[in-house]
file entry.tsv (TSV, C-alpha atoms)
chain	number	residue	atom	x	y	z
A	235	ASP	CA	18.84	-247.25	234.49
A	236	ASP	CA	17.74	-249.23	231.42
A	237	CYS	CA	20.52	-247.60	229.42
A	238	ILE	CA	23.19	-248.99	231.79
A	239	ALA	CA	25.00	-252.03	230.42
A	240	PRO	CA	23.80	-255.28	232.06
A	241	GLU	CA	27.20	-255.99	233.62
A	242	ASP	CA	27.15	-252.61	235.46
A	243	ARG	CA	23.43	-252.37	236.22
A	244	GLN	CA	23.53	-254.05	239.66
A	245	GLU	CA	26.35	-251.79	240.87
A	246	PHE	CA	24.47	-248.74	239.59
A	247	GLN	CA	21.32	-249.76	241.48
A	248	ASN	CA	23.30	-250.54	244.65
A	249	ARG	CA	24.88	-247.09	244.63
A	250	HIS	CA	21.50	-245.44	244.18
A	251	THR	CA	19.98	-247.46	247.05
A	252	ARG	CA	22.85	-246.64	249.41
A	253	ARG	CA	22.63	-242.96	248.53
A	254	MET	CA	18.87	-242.88	249.14
A	255	GLN	CA	19.54	-244.45	252.55
A	256	GLY	CA	21.71	-241.46	253.43
A	257	GLU	CA	25.06	-243.14	252.90
A	258	GLN	CA	27.90	-241.02	251.52
A	259	VAL	CA	28.70	-242.67	248.18
A	260	PRO	CA	31.84	-241.46	246.32
A	261	THR	CA	31.18	-239.45	243.18
A	262	PRO	CA	31.81	-239.09	240.26
A	263	PHE	CA	31.77	-242.66	238.97
A	264	GLU	CA	31.68	-244.26	235.53
A	265	TYR	CA	29.52	-246.96	233.93
A	266	ARG	CA	29.20	-248.63	230.59
A	267	ALA	CA	25.94	-247.79	228.82
A	268	ILE	CA	24.04	-248.89	225.73
A	269	ARG	CA	22.59	-246.37	223.29
A	270	SER	CA	19.24	-246.88	221.61
A	271	ASP	CA	21.04	-247.97	218.41
A	272	GLY	CA	22.94	-250.64	220.36
A	273	ALA	CA	26.31	-248.86	220.43
A	274	SER	CA	28.19	-248.96	223.72
A	275	LEU	CA	29.61	-245.92	225.48
A	276	TRP	CA	31.05	-244.81	228.82
A	277	LEU	CA	29.18	-242.31	231.00
A	278	GLU	CA	30.49	-240.38	233.98
A	279	PHE	CA	27.88	-239.66	236.68
A	280	THR	CA	28.24	-236.88	239.21
A	281	VAL	CA	25.40	-237.29	241.71
A	282	VAL	CA	24.27	-234.86	244.42
A	283	PRO	CA	21.68	-236.07	246.98
A	284	LEU	CA	18.57	-233.92	247.53
A	285	VAL	CA	17.98	-233.67	251.27
A	286	GLU	CA	14.85	-232.38	253.02
A	287	ASN	CA	14.41	-232.36	256.80
A	288	GLY	CA	17.47	-234.57	257.13
A	289	LEU	CA	16.14	-237.20	254.75
A	290	THR	CA	17.34	-237.94	251.23
A	291	ILE	CA	14.34	-237.52	248.98
A	292	GLY	CA	16.09	-237.89	245.65
A	293	THR	CA	19.22	-237.17	243.67
A	294	GLN	CA	20.40	-234.76	241.01
A	295	SER	CA	22.77	-236.17	238.41
A	296	THR	CA	25.12	-234.63	235.87
A	297	ILE	CA	26.06	-237.07	233.13
A	298	ARG	CA	29.06	-236.69	230.84
A	299	ASP	CA	30.04	-238.88	227.89
A	300	VAL	CA	33.65	-240.02	228.47
A	301	THR	CA	33.72	-242.68	225.73
A	302	GLU	CA	36.44	-240.91	223.72
A	303	ARG	CA	38.73	-240.79	226.76
A	304	HIS	CA	38.19	-244.48	227.49
A	305	GLU	CA	38.91	-245.38	223.87
A	306	ALA	CA	42.11	-243.31	223.94
A	307	GLU	CA	43.19	-244.97	227.20
A	308	ALA	CA	42.40	-248.42	225.78
A	309	ALA	CA	44.42	-247.62	222.63
A	310	ARG	CA	47.30	-246.40	224.81
A	311	ASP	CA	47.20	-249.58	226.90
A	312	ARG	CA	47.17	-251.76	223.78
A	313	LEU	CA	50.12	-249.85	222.36
A	314	LEU	CA	52.07	-250.18	225.63
A	315	GLN	CA	51.33	-253.89	225.69
A	316	GLU	CA	52.48	-254.27	222.09
A	317	VAL	CA	55.66	-252.31	222.82
A	318	THR	CA	56.35	-254.40	225.92
A	319	GLN	CA	55.80	-257.62	223.99
A	320	ALA	CA	58.00	-256.39	221.13
A	321	GLU	CA	60.79	-255.39	223.54
A	322	GLU	CA	60.58	-258.76	225.28
A	323	ALA	CA	60.62	-260.60	221.94
A	324	LEU	CA	63.59	-258.51	220.81
A	325	ARG	CA	65.46	-259.21	224.05
A	326	GLU	CA	64.83	-262.95	223.77
A	327	SER	CA	65.77	-262.89	220.09
A	328	GLU	CA	69.01	-261.05	220.85
A	329	GLU	CA	69.85	-263.50	223.63
A	330	ARG	CA	69.28	-266.45	221.28
A	331	TYR	CA	71.28	-264.68	218.58
A	332	ARG	CA	74.22	-264.08	220.90
A	333	ALA	CA	74.05	-267.70	222.06
A	334	ALA	CA	74.02	-268.83	218.44
A	335	LEU	CA	77.01	-266.64	217.63
A	336	GLY	CA	78.76	-268.15	220.61
A	337	SER	CA	82.21	-268.42	219.10
A	338	HIS	CA	84.90	-266.01	220.24
A	339	HIS	CA	86.09	-265.97	216.64
A	340	PHE	CA	83.03	-264.28	215.17
A	341	THR	CA	82.12	-260.57	215.16
A	342	LEU	CA	78.98	-258.83	213.99
A	343	ALA	CA	78.06	-255.13	214.05
A	344	GLN	CA	75.77	-252.42	212.71
A	345	THR	CA	76.86	-248.84	212.07
A	346	ASP	CA	75.05	-245.66	211.06
A	347	ARG	CA	75.82	-243.50	208.03
A	348	GLU	CA	78.73	-241.89	209.88
A	349	ALA	CA	80.23	-245.36	210.56
A	350	ARG	CA	79.38	-245.09	214.27
A	351	TYR	CA	78.49	-248.33	216.02
A	352	LEU	CA	74.81	-248.94	216.75
A	353	TRP	CA	75.15	-252.58	217.83
A	354	ILE	CA	78.06	-254.97	218.22
A	355	HIS	CA	78.91	-258.53	219.15
A	356	ASP	CA	82.66	-258.87	219.46
A	357	PRO	CA	84.04	-261.01	222.33
A	358	GLN	CA	87.66	-260.32	221.33
A	359	LEU	CA	87.36	-256.55	221.32
A	360	GLY	CA	88.28	-256.15	224.97
A	361	LEU	CA	85.65	-253.45	225.49
A	362	ALA	CA	82.08	-253.51	226.77
A	363	PRO	CA	79.42	-252.64	224.14
A	364	SER	CA	78.64	-249.45	226.09
A	365	GLU	CA	82.23	-248.30	225.46
A	366	VAL	CA	81.81	-248.83	221.72
A	367	LEU	CA	78.32	-247.65	220.81
A	368	GLY	CA	78.23	-244.24	219.17
A	369	LYS	CA	81.94	-244.38	218.26
A	370	ARG	CA	83.86	-245.02	215.04
A	371	ASP	CA	86.75	-247.45	214.75
A	372	THR	CA	89.33	-244.65	214.62
A	373	GLU	CA	87.89	-243.12	217.79
A	374	MET	CA	88.77	-246.29	219.69
A	375	ASN	CA	92.25	-246.67	218.26
A	376	ASN	CA	94.12	-244.74	215.60
A	377	SER	CA	95.92	-247.69	214.08
A	378	ALA	CA	96.37	-248.21	210.35
A	379	GLU	CA	94.05	-251.25	210.64
A	380	ALA	CA	91.25	-249.17	212.18
A	381	LYS	CA	91.65	-246.47	209.53
A	382	ARG	CA	91.43	-249.08	206.75
A	383	LEU	CA	88.33	-250.73	208.29
A	384	GLU	CA	86.54	-247.40	208.70
A	385	GLU	CA	87.50	-246.35	205.17
A	386	ILE	CA	85.95	-249.50	203.72
A	387	LYS	CA	82.75	-249.02	205.72
A	388	ARG	CA	82.44	-245.46	204.40
A	389	LEU	CA	82.96	-246.66	200.82
A	390	VAL	CA	80.24	-249.29	201.26
A	391	ILE	CA	77.85	-246.69	202.69
A	392	GLU	CA	78.59	-244.15	199.96
A	393	SER	CA	78.52	-246.58	197.02
A	394	GLY	CA	75.98	-249.16	198.17
A	395	THR	CA	78.42	-251.88	197.07
A	396	ALA	CA	79.30	-254.67	199.48
A	397	PHE	CA	82.88	-255.58	200.43
A	398	ARG	CA	84.12	-259.12	200.92
A	399	GLY	CA	87.71	-259.92	201.67
A	400	GLU	CA	90.42	-260.31	204.28
A	401	LEU	CA	91.26	-257.48	206.67
A	402	ASP	CA	93.76	-257.08	209.48
A	403	ILE	CA	92.20	-255.82	212.71
A	404	LEU	CA	94.09	-254.71	215.81
A	405	ARG	CA	93.16	-256.63	218.96
A	406	PRO	CA	94.43	-256.28	222.55
A	407	ASP	CA	96.85	-259.16	221.89
A	408	GLY	CA	97.99	-257.95	218.48
A	409	VAL	CA	96.83	-257.89	214.86
A	410	HIS	CA	94.36	-260.60	213.77
A	411	CYS	CA	93.28	-261.50	210.27
A	412	TYR	CA	89.54	-261.55	209.56
A	413	GLU	CA	87.42	-262.73	206.69
A	414	MET	CA	85.09	-259.74	206.45
A	415	SER	CA	81.74	-259.09	204.82
A	416	ILE	CA	80.54	-255.48	204.94
A	417	GLU	CA	77.22	-254.65	203.32
A	418	PRO	CA	75.03	-251.52	203.12
A	419	ARG	CA	72.15	-251.35	205.60
A	420	TRP	CA	68.92	-250.07	204.05
A	421	ASP	CA	66.05	-248.27	205.79
A	422	LYS	CA	62.34	-248.81	205.07
A	423	ASN	CA	62.44	-246.08	202.40
A	424	GLY	CA	65.15	-247.84	200.43
A	425	LYS	CA	67.91	-245.44	201.45
A	426	ILE	CA	71.27	-246.46	202.86
A	427	ALA	CA	71.17	-246.04	206.64
A	428	GLY	CA	74.61	-247.45	207.45
A	429	ALA	CA	76.45	-250.75	207.21
A	430	ILE	CA	76.33	-254.28	208.57
A	431	SER	CA	79.64	-256.03	209.07
A	432	ALA	CA	80.40	-259.65	209.87
A	433	GLY	CA	83.83	-261.12	210.39
A	434	LEU	CA	85.43	-264.46	211.14
A	435	ASP	CA	88.85	-264.54	212.81
A	436	ILE	CA	91.02	-266.72	210.56
A	437	THR	CA	94.34	-265.85	212.22
A	438	GLU	CA	95.06	-269.44	213.31
A	439	ARG	CA	94.20	-270.78	209.88
A	440	LYS	CA	96.50	-268.24	208.21
A	441	ARG	CA	99.31	-269.18	210.61
A	442	ALA	CA	98.79	-272.87	209.84
A	443	GLU	CA	98.86	-272.18	206.10
A	444	HIS	CA	102.02	-270.15	206.51
A	445	ALA	CA	103.62	-272.93	208.54
A	446	LEU	CA	102.78	-275.49	205.83
A	447	ARG	CA	104.39	-273.34	203.16
A	448	GLU	CA	107.58	-273.20	205.18
call {"tool": "encode", "arguments": {"input": "entry.tsv", "output": "C-alpha cells"}}
result
Amino acid sequence: DDCIAPEDRQEFQNRHTRRMQGEQVPTPFEYRAIRSDGASLWLEFTVVPLVENGLTIGTQSTIRDVTERHEAEAARDRLLQEVTQAEEALRESEERYRAALGSHHFTLAQTDREARYLWIHDPQLGLAPSEVLGKRDTEMNNSAEAKRLEEIKRLVIESGTAFRGELDILRPDGVHCYEMSIEPRWDKNGKIAGAISAGLDITERKRAEHALRE
C-alpha cells in the first residue's frame, strides 16, 4: 500500500483488515495513489476475498486506472461551477441594471439580425417581456409608428450606421415621442449581429415646448 496517497492510506488499510476478518466490504472502491515519479492518479480496486475452510486467507485484486475519468469529472464540475457563478453574476447585474434604469420614461432593447427582440426593458410597453421576445415591432402592432421603427432598425443592421433622432412610438395610451439611439450590435467576430436601441420618452417635454410656443 506504499503507492496509496497518505490521505487515503488509513482507509485502505482499514478495508483490508476488515476483509481479512471476514467482513463483507463493498467493492469496487477508489483511492488516490502516487506513482514512482511523484505524479498522482486515481485507482479503482475490485477485491475478491480468498476463502479456505471458511477463513479468509488473502485477497485477489483487480486494479484499474480511472484518473482520466476523475479529471473529466473535475473539469465538468469546474465548468458547472463557472457557469453557475456566471449566471448568478448576470442575474445580479441585470437586477442592478434594471434598478438603475428605474424610470418609466426610459426603454432599452436588443434585437437580432431579423429585428426580433432578444432582450427588453420597457415599463410603458404594456406587455410582459415574454410576450415580446422573439417578435418584431410590426408583429406586436401594425401601426405606422411600428413600421417606421422596424424600418430604421433594419437600416442600421444592414448599413452598420447608427441612428439618432426623434421617433413617434405607439403606446397603450396613445403615441409618445422618444429620443432614440439605435446602434448596430457586433458579435465577437466583428460581424453585425443585430441592434441595440435606447429611448427616452420626451412626450411631456414636447408638449411643454408646444404650449410655450402658443
call {"tool": "closest_residue", "arguments": {"input": "entry.tsv", "among": "A:Thr395, A:Gln258, A:Thr341, A:Thr372", "to": "Ile436 in chain A", "atoms": "only C-alpha atoms"}}
result
A:Thr341
call {"tool": "atom_distance", "arguments": {"input": "entry.tsv", "atom1": "CA of Glu257 in chain A", "atom2": "CA of Ile291 in chain A"}}
result
12.7 Å
call {"tool": "atom_distance", "arguments": {"input": "entry.tsv", "atom1": "CA of Ser270 in chain A", "atom2": "CA of Val282 in chain A"}}
result
26.3 Å
call {"tool": "residues_near_point", "arguments": {"input": "entry.tsv", "point": "(87.6, -252.5, 214.5)", "cutoff": "6 Å", "atoms": "only C-alpha atoms", "output": "ChimeraX atom specification"}}
result
/A:371,380,403
call {"tool": "closest_residue", "arguments": {"input": "entry.tsv", "among": "A:His339, A:Glu417, A:Leu389, A:Leu352", "to": "Glu438 in chain A", "atoms": "only C-alpha atoms"}}
result
A:His339
call {"tool": "atom_distance", "arguments": {"input": "entry.tsv", "atom1": "CA of Trp420 in chain A", "atom2": "CA of Asp435 in chain A"}}
result
26.1 Å
call {"tool": "residues_around", "arguments": {"input": "entry.tsv", "residues": "Leu284 in chain A", "least_positions_apart": "6", "cutoff": "10 Å", "atoms": "only C-alpha atoms", "output": "MDAnalysis selection string"}}
result
chainID A and resid 253:254 290:294
call {"tool": "write_last_selection", "arguments": {"input": "entry.tsv", "atoms": "C-alpha atoms", "output": "mmCIF file, in the frame of the given file"}}
result
data_model
loop_
_atom_site.group_PDB
_atom_site.id
_atom_site.type_symbol
_atom_site.label_atom_id
_atom_site.label_comp_id
_atom_site.auth_asym_id
_atom_site.auth_seq_id
_atom_site.Cartn_x
_atom_site.Cartn_y
_atom_site.Cartn_z
ATOM 1 C CA ARG A 253 22.630 -242.960 248.530
ATOM 2 C CA MET A 254 18.870 -242.880 249.140
ATOM 3 C CA THR A 290 17.340 -237.940 251.230
ATOM 4 C CA ILE A 291 14.340 -237.520 248.980
ATOM 5 C CA GLY A 292 16.090 -237.890 245.650
ATOM 6 C CA THR A 293 19.220 -237.170 243.670
ATOM 7 C CA GLN A 294 20.400 -234.760 241.010
#
call {"tool": "closest_residue", "arguments": {"input": "entry.tsv", "among": "A:Thr345, A:Gln244, A:Gln319, A:Thr251", "to": "Ile430 in chain A", "atoms": "all atoms listed in the file"}}
result
A:Thr345
call {"tool": "residues_around", "arguments": {"input": "entry.tsv", "residues": "Met414 in chain A", "least_positions_apart": "6", "cutoff": "10 Å", "atoms": "all atoms listed in the file", "output": "ChimeraX atom specification"}}
result
/A:341-342,383,397-402,431-435
call {"tool": "residues_around", "arguments": {"input": "entry.tsv", "residues": "Asp407 in chain A", "least_positions_apart": "3", "cutoff": "10 Å", "atoms": "all atoms listed in the file", "output": "list in words"}}
result
Gln358, Leu359, Gly360, Leu404 and His410 of chain A
call {"tool": "closest_residue", "arguments": {"input": "entry.tsv", "among": "A:Ile416, A:Thr318, A:Cys411, A:Ala308", "to": "Arg441 in chain A", "atoms": "all atoms listed in the file"}}
result
A:Cys411
call {"tool": "closest_residue", "arguments": {"input": "entry.tsv", "among": "A:Thr280, A:Arg243, A:Ala427, A:Ser274", "to": "Thr261 in chain A", "atoms": "all atoms listed in the file"}}
result
A:Thr280
call {"tool": "axis_aligned_box", "arguments": {"input": "entry.tsv", "around": "range 415-433 of chain A", "padding_each_side": "4 Å", "output": "AutoDock Vina command-line options"}}
result
--center_x 73.1 --center_y -253.3 --center_z 205.4 --size_x 29.5 --size_y 23.7 --size_z 18.0
call {"tool": "closest_residue", "arguments": {"input": "entry.tsv", "among": "A:Gly394, A:Glu321, A:Tyr412, A:Ile297", "to": "Lys440 in chain A", "atoms": "all atoms listed in the file"}}
result
A:Tyr412
call {"tool": "residues_around", "arguments": {"input": "entry.tsv", "residues": "Phe246 in chain A", "least_positions_apart": "4", "cutoff": "8 Å", "atoms": "all atoms listed in the file", "output": "VMD selection string"}}
result
chain A and resid 235 238 242 250 265
call {"tool": "residues_around", "arguments": {"input": "entry.tsv", "residues": "Thr301 in chain A", "least_positions_apart": "3", "cutoff": "8 Å", "atoms": "only C-alpha atoms", "output": "MDAnalysis selection string"}}
result
chainID A and resid 275:277 304:305
call {"tool": "write_last_selection", "arguments": {"input": "entry.tsv", "atoms": "C-alpha atoms", "output": "short mmCIF file (atom, residue, chain, number, x, y, z; two decimals), in the frame of the given file"}}
result
data_model
loop_
_atom_site.label_atom_id
_atom_site.label_comp_id
_atom_site.auth_asym_id
_atom_site.auth_seq_id
_atom_site.Cartn_x
_atom_site.Cartn_y
_atom_site.Cartn_z
CA LEU A 275 29.61 -245.92 225.48
CA TRP A 276 31.05 -244.81 228.82
CA LEU A 277 29.18 -242.31 231.00
CA HIS A 304 38.19 -244.48 227.49
CA GLU A 305 38.91 -245.38 223.87
#
